[in-house]
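Peer 1: Would you mind keeping the following structure in view while I ask a few things?
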Amino acid sequence: KIFFFNYDQNSFFEGLYRFFGIIISPIFIKLSPNLISFLSLLCGFIGLILSVLFSIKINYVVFFFLFSFVLDFTDGLVARFTNKTSFYGRFIDGLFDIIVTSFLHIVFLIYLIDNQVVETNSFYFIILLILLVLVPIQHLILDRFSALARWCNDLRNNKNIKPYYRNIFFGGITKLLFDFQHLCIWLLIFNNFIKEYLILILFFILSGVASVLNLFIYIYISKKKFSEVENPLDNN
């Protein structure tokens, strides 16, 4: 099902990308879902190369990232339709998500540097660099937490620890932050009234807030949930 304005289910742009994924999925139905995941990664990489090496306008470059986001939903749709779902598919899908998102942040940071909005020896550059690094870090912490949560549940033969908590703690706020970040991306294409550098700075601020919230949630929950769980293998 597709939900556009139901934040109990998904964010607006997740629903939009899923909708586009459904539309184009018949084109990719004969391809391996993992190959579609690789195509998603390739789109992000092409966007990065076009920006870094060829200085293509940013409003053209983001098209490659938007198509990558759509393919990110298409691979799962094709996998379920063709009964080719696998844990390896989930692994590379999540990994490529992190890489493509990091590529996008790099493209935006380079744009700010090339247009002399930020200087590489300035305090603001260091802040933006930290926000960029937080993107893969917060995803890796989330994946680490979910893996340990399932491990703890297996050790105790129950499901007391949920693998994901961010939507439980902050409700629709994390989805709203996701939507505002992607609204910034779309504004780079259709915007004629806001300076591009202002949109990118807002994007980094929203990205930073989302990353810090996720880090706070999982560090706090890990302390609360894992402190009382012992691993029998550590006592051997």
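Chain labels A, B, ... are given in the sequence in which chains occur in the structure tokens; within each chain residues are numbered consecutively from 1, and ligands are likewise numbered from 1 in the order shown.
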What's around stretch 14-29 of chain A at 10 Å? Count only C-alpha atoms, leave out sequence neighbours fewer than 3 positions away in its own chain, and write the answer as a compact mmCIF listing (two decimals) with N, CA and C atoms, in the first residue's frame.

Peer 2:
# COMPACT_ATOMS: atom_id res chain seq x y z
N LYS A 1 0.83 -1.19 0.00
CA LYS A 1 0.00 0.00 0.00
C LYS A 1 0.87 1.25 0.00
N ILE A 2 0.32 2.34 -0.55
CA ILE A 2 1.04 3.60 -0.61
C ILE A 2 0.33 4.61 0.27
N PHE A 3 1.08 5.22 1.18
CA PHE A 3 0.55 6.25 2.06
C PHE A 3 1.34 7.54 1.83
N PHE A 4 0.63 8.61 1.48
CA PHE A 4 1.30 9.88 1.23
C PHE A 4 1.30 10.79 2.45
N PHE A 5 0.23 10.80 3.20
CA PHE A 5 0.13 11.73 4.32
C PHE A 5 -0.22 11.03 5.63
N ASN A 6 0.10 9.75 5.72
CA ASN A 6 -0.12 8.99 6.94
C ASN A 6 1.23 8.69 7.57
N GLN A 9 2.55 5.34 8.88
CA GLN A 9 2.99 4.31 7.93
C GLN A 9 4.33 4.65 7.29
N ASN A 10 4.42 5.79 6.67
CA ASN A 10 5.66 6.20 6.03
C ASN A 10 5.64 7.70 5.78
N SER A 11 6.79 8.25 5.42
CA SER A 11 6.85 9.67 5.09
C SER A 11 6.24 9.90 3.71
N SER A 32 17.45 -9.13 -11.88
CA SER A 32 17.65 -9.55 -10.50
C SER A 32 17.45 -8.35 -9.58
N PRO A 33 16.76 -8.50 -8.44
CA PRO A 33 16.61 -7.40 -7.49
C PRO A 33 17.95 -6.83 -7.04
N LEU A 35 20.64 -6.72 -8.84
CA LEU A 35 21.15 -5.91 -9.95
C LEU A 35 20.51 -4.53 -9.93
N ILE A 36 19.23 -4.48 -9.59
CA ILE A 36 18.53 -3.18 -9.48
C ILE A 36 19.15 -2.36 -8.36
N LEU A 66 17.64 11.21 -7.40
CA LEU A 66 16.21 10.94 -7.27
C LEU A 66 15.86 9.61 -7.93
N PHE A 67 16.46 9.34 -9.09
CA PHE A 67 16.21 8.04 -9.74
C PHE A 67 16.78 6.90 -8.90
N SER A 68 17.89 7.16 -8.24
CA SER A 68 18.47 6.16 -7.33
C SER A 68 17.50 5.85 -6.19
N PHE A 69 16.85 6.89 -5.65
CA PHE A 69 15.89 6.68 -4.56
C PHE A 69 14.71 5.84 -5.05
N VAL A 70 14.26 6.09 -6.27
CA VAL A 70 13.14 5.32 -6.82
C VAL A 70 13.55 3.86 -7.01
N LEU A 71 14.75 3.64 -7.54
CA LEU A 71 15.24 2.27 -7.73
C LEU A 71 15.40 1.56 -6.39
N ASP A 72 15.68 2.32 -5.34
CA ASP A 72 15.83 1.74 -4.01
C ASP A 72 14.54 1.08 -3.55
N PHE A 73 13.41 1.60 -3.99
CA PHE A 73 12.13 0.97 -3.68
C PHE A 73 11.75 -0.08 -4.73
N THR A 74 12.24 0.11 -5.95
CA THR A 74 11.90 -0.82 -7.03
C THR A 74 12.49 -2.21 -6.78
N ASP A 75 13.72 -2.27 -6.25
CA ASP A 75 14.34 -3.58 -6.05
C ASP A 75 13.53 -4.44 -5.09
N GLY A 76 13.01 -3.83 -4.02
CA GLY A 76 12.20 -4.58 -3.08
C GLY A 76 10.87 -5.03 -3.68
N LEU A 77 10.26 -4.17 -4.48
CA LEU A 77 9.01 -4.53 -5.15
C LEU A 77 9.21 -5.71 -6.08
N VAL A 78 10.28 -5.67 -6.87
CA VAL A 78 10.57 -6.76 -7.81
C VAL A 78 10.92 -8.04 -7.04
N ALA A 79 11.67 -7.91 -5.95
CA ALA A 79 12.05 -9.08 -5.16
C ALA A 79 10.82 -9.78 -4.59
N PHE A 81 7.68 -9.51 -5.73
CA PHE A 81 6.81 -10.00 -6.81
C PHE A 81 7.35 -11.30 -7.41
N THR A 82 8.66 -11.41 -7.51
CA THR A 82 9.28 -12.60 -8.13
C THR A 82 9.73 -13.64 -7.09
N LYS A 175 10.17 11.09 10.37
CA LYS A 175 9.65 11.04 9.00
C LYS A 175 9.52 12.45 8.44
N PHE A 178 12.86 13.63 7.36
CA PHE A 178 13.17 12.99 6.08
C PHE A 178 12.48 13.73 4.94
N ASP A 179 11.21 14.08 5.14
CA ASP A 179 10.46 14.77 4.09
C ASP A 179 11.04 16.14 3.79
N HIS A 182 14.18 15.82 1.71
CA HIS A 182 13.91 15.50 0.32
C HIS A 182 13.17 16.63 -0.39

Peer 1: Would you pick out the contacts of A:Ile201 at 12 Å or less, using only C-alpha atoms, so that residues sharing its chain but fewer than 4 positions from it are not included, and give the list as a ChimeraX atom specification?

Peer 2: /A:105,108-109,111-113,117-118,124-125,127-128,131,181,184-185,194-197,205-208

Peer 1: Keeping C-alpha atoms, export the residues of the selection given above as a PDB file, in the first residue's frame.

Peer 2:
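As written to disk, part-v9.pdb reads:
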ATOM      1  CA  HIS A 105      26.071  14.959   0.984  1.00  0.00           C
ATOM      2  CA  PHE A 108      26.224  19.295  -1.780  1.00  0.00           C
ATOM      3  CA  LEU A 109      29.346  20.073   0.235  1.00  0.00           C
ATOM      4  CA  TYR A 111      28.880  22.754  -4.388  1.00  0.00           C
ATOM      5  CA  LEU A 112      29.103  25.004  -1.320  1.00  0.00           C
ATOM      6  CA  ILE A 113      32.911  24.980  -1.572  1.00  0.00           C
ATOM      7  CA  VAL A 117      29.832  29.719   0.303  1.00  0.00           C
ATOM      8  CA  VAL A 118      32.126  27.737   2.606  1.00  0.00           C
ATOM      9  CA  TYR A 124      31.672  26.089   9.029  1.00  0.00           C
ATOM     10  CA  PHE A 125      33.457  23.610   6.771  1.00  0.00           C
ATOM     11  CA  ILE A 127      30.761  21.545  10.991  1.00  0.00           C
ATOM     12  CA  LEU A 128      29.488  20.460   7.564  1.00  0.00           C
ATOM     13  CA  LEU A 131      27.407  16.397   9.621  1.00  0.00           C
ATOM     14  CA  GLN A 181      15.380  16.928   3.506  1.00  0.00           C
ATOM     15  CA  CYS A 184      15.173  20.493  -0.306  1.00  0.00           C
ATOM     16  CA  ILE A 185      16.409  18.098  -2.989  1.00  0.00           C
ATOM     17  CA  ILE A 194      15.361  30.644  -3.131  1.00  0.00           C
ATOM     18  CA  LYS A 195      19.142  30.711  -3.399  1.00  0.00           C
ATOM     19  CA  GLU A 196      20.530  27.217  -3.926  1.00  0.00           C
ATOM     20  CA  TYR A 197      23.109  27.577  -1.166  1.00  0.00           C
ATOM     21  CA  ILE A 205      20.873  21.330   9.241  1.00  0.00           C
ATOM     22  CA  LEU A 206      17.948  18.906   8.841  1.00  0.00           C
ATOM     23  CA  SER A 207      20.369  16.033   8.178  1.00  0.00           C
ATOM     24  CA  GLY A 208      22.331  16.908  11.305  1.00  0.00           C
TER      25      GLY A 208
END

Peer 1: Report as JSON lines the residues of stretch 66-117 of chain A within 8 Å of stretch 133-151 of chain A, each with its shortest atom pair and distance in Å (one decimal), using only C-alpha atoms, ordered by chain and increasing residue number.

Peer 2:
{"residue": "A:Ile98", "atom": "CA", "partner": "A:Pro136", "partner_atom": "CA", "distance": 5.8}
{"residue": "A:Ile99", "atom": "CA", "partner": "A:Pro136", "partner_atom": "CA", "distance": 7.7}
{"residue": "A:Thr101", "atom": "CA", "partner": "A:Val135", "partner_atom": "CA", "distance": 7.7}
{"residue": "A:Ser102", "atom": "CA", "partner": "A:Val135", "partner_atom": "CA", "distance": 6.6}

Peer 1: Store the residues picked out above in a file with all heavy atoms, as a compact mmCIF listing (two decimals), in the first residue's frame.

Peer 2:
# COMPACT_ATOMS: atom_id res chain seq x y z
N ILE A 98 23.23 3.82 2.37
CA ILE A 98 24.19 4.64 3.12
C ILE A 98 25.18 5.30 2.17
O ILE A 98 25.49 6.49 2.28
CB ILE A 98 24.93 3.78 4.15
CG1 ILE A 98 23.95 3.19 5.17
CG2 ILE A 98 26.00 4.60 4.87
CD1 ILE A 98 24.57 2.16 6.10
N ILE A 99 25.67 4.52 1.20
CA ILE A 99 26.68 5.04 0.28
C ILE A 99 26.10 6.15 -0.60
O ILE A 99 26.71 7.21 -0.76
CB ILE A 99 27.24 3.90 -0.60
CG1 ILE A 99 27.99 2.89 0.26
CG2 ILE A 99 28.16 4.46 -1.69
CD1 ILE A 99 28.45 1.65 -0.49
N THR A 101 23.46 8.05 -0.05
CA THR A 101 23.17 9.23 0.77
C THR A 101 24.44 10.00 1.09
O THR A 101 24.45 11.24 1.08
CB THR A 101 22.47 8.81 2.09
OG1 THR A 101 21.28 8.07 1.79
CG2 THR A 101 22.07 10.03 2.90
N SER A 102 25.52 9.29 1.34
CA SER A 102 26.81 9.94 1.59
C SER A 102 27.31 10.65 0.34
O SER A 102 27.84 11.77 0.41
CB SER A 102 27.85 8.91 2.06
OG SER A 102 27.44 8.30 3.27

Peer 1: If we count only C-alpha atoms and set the cut-off at 9 Å, which residues sit around A:Ile189, ignoring sequence neighbours fewer than 2 positions away in its own chain? Please answer as a list in words.

Peer 2: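 With the cut-off at 9 Å, the set is Ile58, Asn59, Tyr60, Val62, Phe63, Ile185, Trp186, Leu187, Asn191 and Asn192 of chain A.
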